[in-house]
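Chemist: Sharing a structure with you now.
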Amino acid sequence: MMAASGIVQAQTPYPTKPVRIVVTVAPGGGVDLVGRIVAQKLTEMIRQSFVVENRVGASGIIGTAYVARSAPDGYTLMVGTQTNHAVIPVLYAKQVTYDGVRDFTPITTIATSPMFFVVNPTLPVRTVKEFIALAKKRPGELAFGAASGGTTHMAVELFKLTAGVSMLFVPYKGEAPALTDTIGGQLSFQFANVPTALPQVRAGKLRGIAVTGAQRISGAPDFPTVAESGLPGYQNATWWGLVGPAGLPRDIVTRLNSEAVRGLSEAAVKEKLEAMGIFAGTSTPEQFAALMASEAPRWAKVVRESGARPE
């Protein structure tokens, strides 16, 4: 008779089948781009397929809730954002069924990106200082569009609070149609993702004013930051990170963190991202957890003080 109690079974290796990385926006945007780069590098490093799955709808709530409910086995991951984990749970408190921090396991930050402050070329401003002066002269008239509660929406709300100005928010389903209407003159300005807005600026269809991060971007070094261009103290850059459901085993977190950090540290990856205004930046799981925990109250304050409401 075999003594089962004396047999130590080997731990099942991970992963043994394809891994899904959920992205809560449609293909083509900054989050999707970052997700596909991470999936490609993890596939190369681990030699198992990591595939992006776009689960869109309800301002990201559908995809985020799906991951929160998934089994913590390492086969369903997500590109988490400050919108999904810090803004939406506050702005849509009655609809959200997950906790943006407690229901997820942080693995590593991936990247950060400032936004591009652009205006319709007919708007008579060329600097942040001139824009603020015009906004104070025409309170509530200068219009911008964004997905309600999205990164660009909250970036403008923070700008309004910092500058003490009032602008008109027009809800859109996404950044692309809002940017199209900014080019067409239906909207006055936009805070847009750099990869989306920069080609339009170079083509003369939009006028670039500034970037919202702490530093200028290598892909467009002539454009100052908002802080140095007329609004000291303003800084905002969206962040992306790799997360799994709460309870993800530590060995899986360690493996994914190690391989993602290694892949995203490659010079070619960094250069590709920086050319689009995205800065690769990895972390330990603990550092990412601290970031997520600090972002939730920060954006709750912006939502509360701006009076932003679901649209």
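Each chain in the structure tokens gets a letter, A, B, ..., in the order shown, and its residues are numbered from 1; ligands are numbered from 1 in order too.
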Sorted by chain and rising residue number, list the residues of segment 180-215 of chain A at most 10 Å from segment 139-145 of chain A (counting only C-alpha atoms), each with its closest atom pair and distance in Å to one decimal, as a tab-separated table.
Modeler:
residue	atom	partner	partner_atom	distance
A:Asp181	CA	A:Gly145	CA	8.5
A:Thr182	CA	A:Phe144	CA	7.8
A:Gly185	CA	A:Ala143	CA	9.9
A:Gln186	CA	A:Ala143	CA	8.2
A:Leu187	CA	A:Ala143	CA	5.1
A:Ser188	CA	A:Ala143	CA	5.2
A:Phe189	CA	A:Phe144	CA	5.4
A:Gln190	CA	A:Phe144	CA	5.5
A:Phe191	CA	A:Phe144	CA	8.2
A:Ala192	CA	A:Gly145	CA	9.9
Chemist: Residues at most 12 Å from Glu157 of chain A, counting only C-alpha atoms, excluding those fewer than 5 positions away in the same chain, as a ChimeraX atom specification?
Modeler: /A:87,144-146,148-152,162-169,190-191,234,236,299-309
Chemist: Just write the chosen residues, C-alpha atoms, as a PDB file, in the first residue's frame.
Modeler:
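Resulting contents of out.pdb:
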ATOM      1  CA  VAL A  87     -12.465  57.761  -9.571  1.00  0.00           C
ATOM      2  CA  PHE A 144     -14.656  70.433 -23.215  1.00  0.00           C
ATOM      3  CA  GLY A 145     -15.770  66.851 -23.737  1.00  0.00           C
ATOM      4  CA  ALA A 146     -14.834  63.559 -22.103  1.00  0.00           C
ATOM      5  CA  SER A 148     -17.909  61.049 -17.517  1.00  0.00           C
ATOM      6  CA  GLY A 149     -15.504  60.204 -14.700  1.00  0.00           C
ATOM      7  CA  GLY A 150     -12.710  59.359 -17.113  1.00  0.00           C
ATOM      8  CA  THR A 151      -9.097  60.420 -16.789  1.00  0.00           C
ATOM      9  CA  THR A 152      -9.442  63.480 -19.015  1.00  0.00           C
ATOM     10  CA  THR A 162      -6.632  74.783  -9.070  1.00  0.00           C
ATOM     11  CA  ALA A 163      -7.176  77.747 -11.398  1.00  0.00           C
ATOM     12  CA  GLY A 164     -10.485  78.864  -9.900  1.00  0.00           C
ATOM     13  CA  VAL A 165     -12.323  78.891 -13.228  1.00  0.00           C
ATOM     14  CA  SER A 166     -15.601  77.524 -14.547  1.00  0.00           C
ATOM     15  CA  MET A 167     -15.919  75.610 -17.837  1.00  0.00           C
ATOM     16  CA  LEU A 168     -18.682  73.650 -19.538  1.00  0.00           C
ATOM     17  CA  PHE A 169     -18.430  69.846 -19.407  1.00  0.00           C
ATOM     18  CA  GLN A 190      -9.483  69.183 -24.584  1.00  0.00           C
ATOM     19  CA  PHE A 191      -7.134  67.375 -22.227  1.00  0.00           C
ATOM     20  CA  TYR A 234      -0.943  71.790 -11.069  1.00  0.00           C
ATOM     21  CA  ASN A 236      -1.561  65.292 -13.216  1.00  0.00           C
ATOM     22  CA  TRP A 299      -9.681  61.694  -6.358  1.00  0.00           C
ATOM     23  CA  ALA A 300     -12.623  61.390  -3.972  1.00  0.00           C
ATOM     24  CA  LYS A 301     -11.760  64.922  -2.858  1.00  0.00           C
ATOM     25  CA  VAL A 302     -11.643  66.172  -6.470  1.00  0.00           C
ATOM     26  CA  VAL A 303     -15.017  64.554  -7.229  1.00  0.00           C
ATOM     27  CA  ARG A 304     -16.543  66.022  -4.084  1.00  0.00           C
ATOM     28  CA  GLU A 305     -15.170  69.552  -4.433  1.00  0.00           C
ATOM     29  CA  SER A 306     -15.777  69.829  -8.185  1.00  0.00           C
ATOM     30  CA  GLY A 307     -19.381  68.700  -7.877  1.00  0.00           C
ATOM     31  CA  ALA A 308     -18.858  66.215 -10.714  1.00  0.00           C
ATOM     32  CA  ARG A 309     -21.849  63.939 -11.248  1.00  0.00           C
TER      33      ARG A 309
END
Chemist: Based on DSSP run over this structure's backbone, return all residues of segment 6-102 of chain A in strand (DSSP E or B), as a PyMOL selection string.
Modeler: chain A and resi 19-23+50-54+76-81
Chemist: With 12 Å as the cut-off and only C-alpha atoms counted, what is the closest atom pair between each nearby residue of segment 82-148 of chain A and segment 36-52 of chain A? Distances in Å to one decimal, ordered by chain and number, as JSON lines.
Modeler:
{"residue": "A:Thr108", "atom": "CA", "partner": "A:Val38", "partner_atom": "CA", "distance": 11.1}
{"residue": "A:Thr109", "atom": "CA", "partner": "A:Val38", "partner_atom": "CA", "distance": 11.0}
{"residue": "A:Ile110", "atom": "CA", "partner": "A:Val38", "partner_atom": "CA", "distance": 8.1}
{"residue": "A:Ala111", "atom": "CA", "partner": "A:Val38", "partner_atom": "CA", "distance": 10.3}
Chemist: Could you check which of A:Lys205, A:Lys137, A:Arg250, A:Arg216 is closest to Ala275 of chain A, using only C-alpha atoms?
Modeler: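 For Ala275 of chain A, the nearest of the given residues is A:Arg216.
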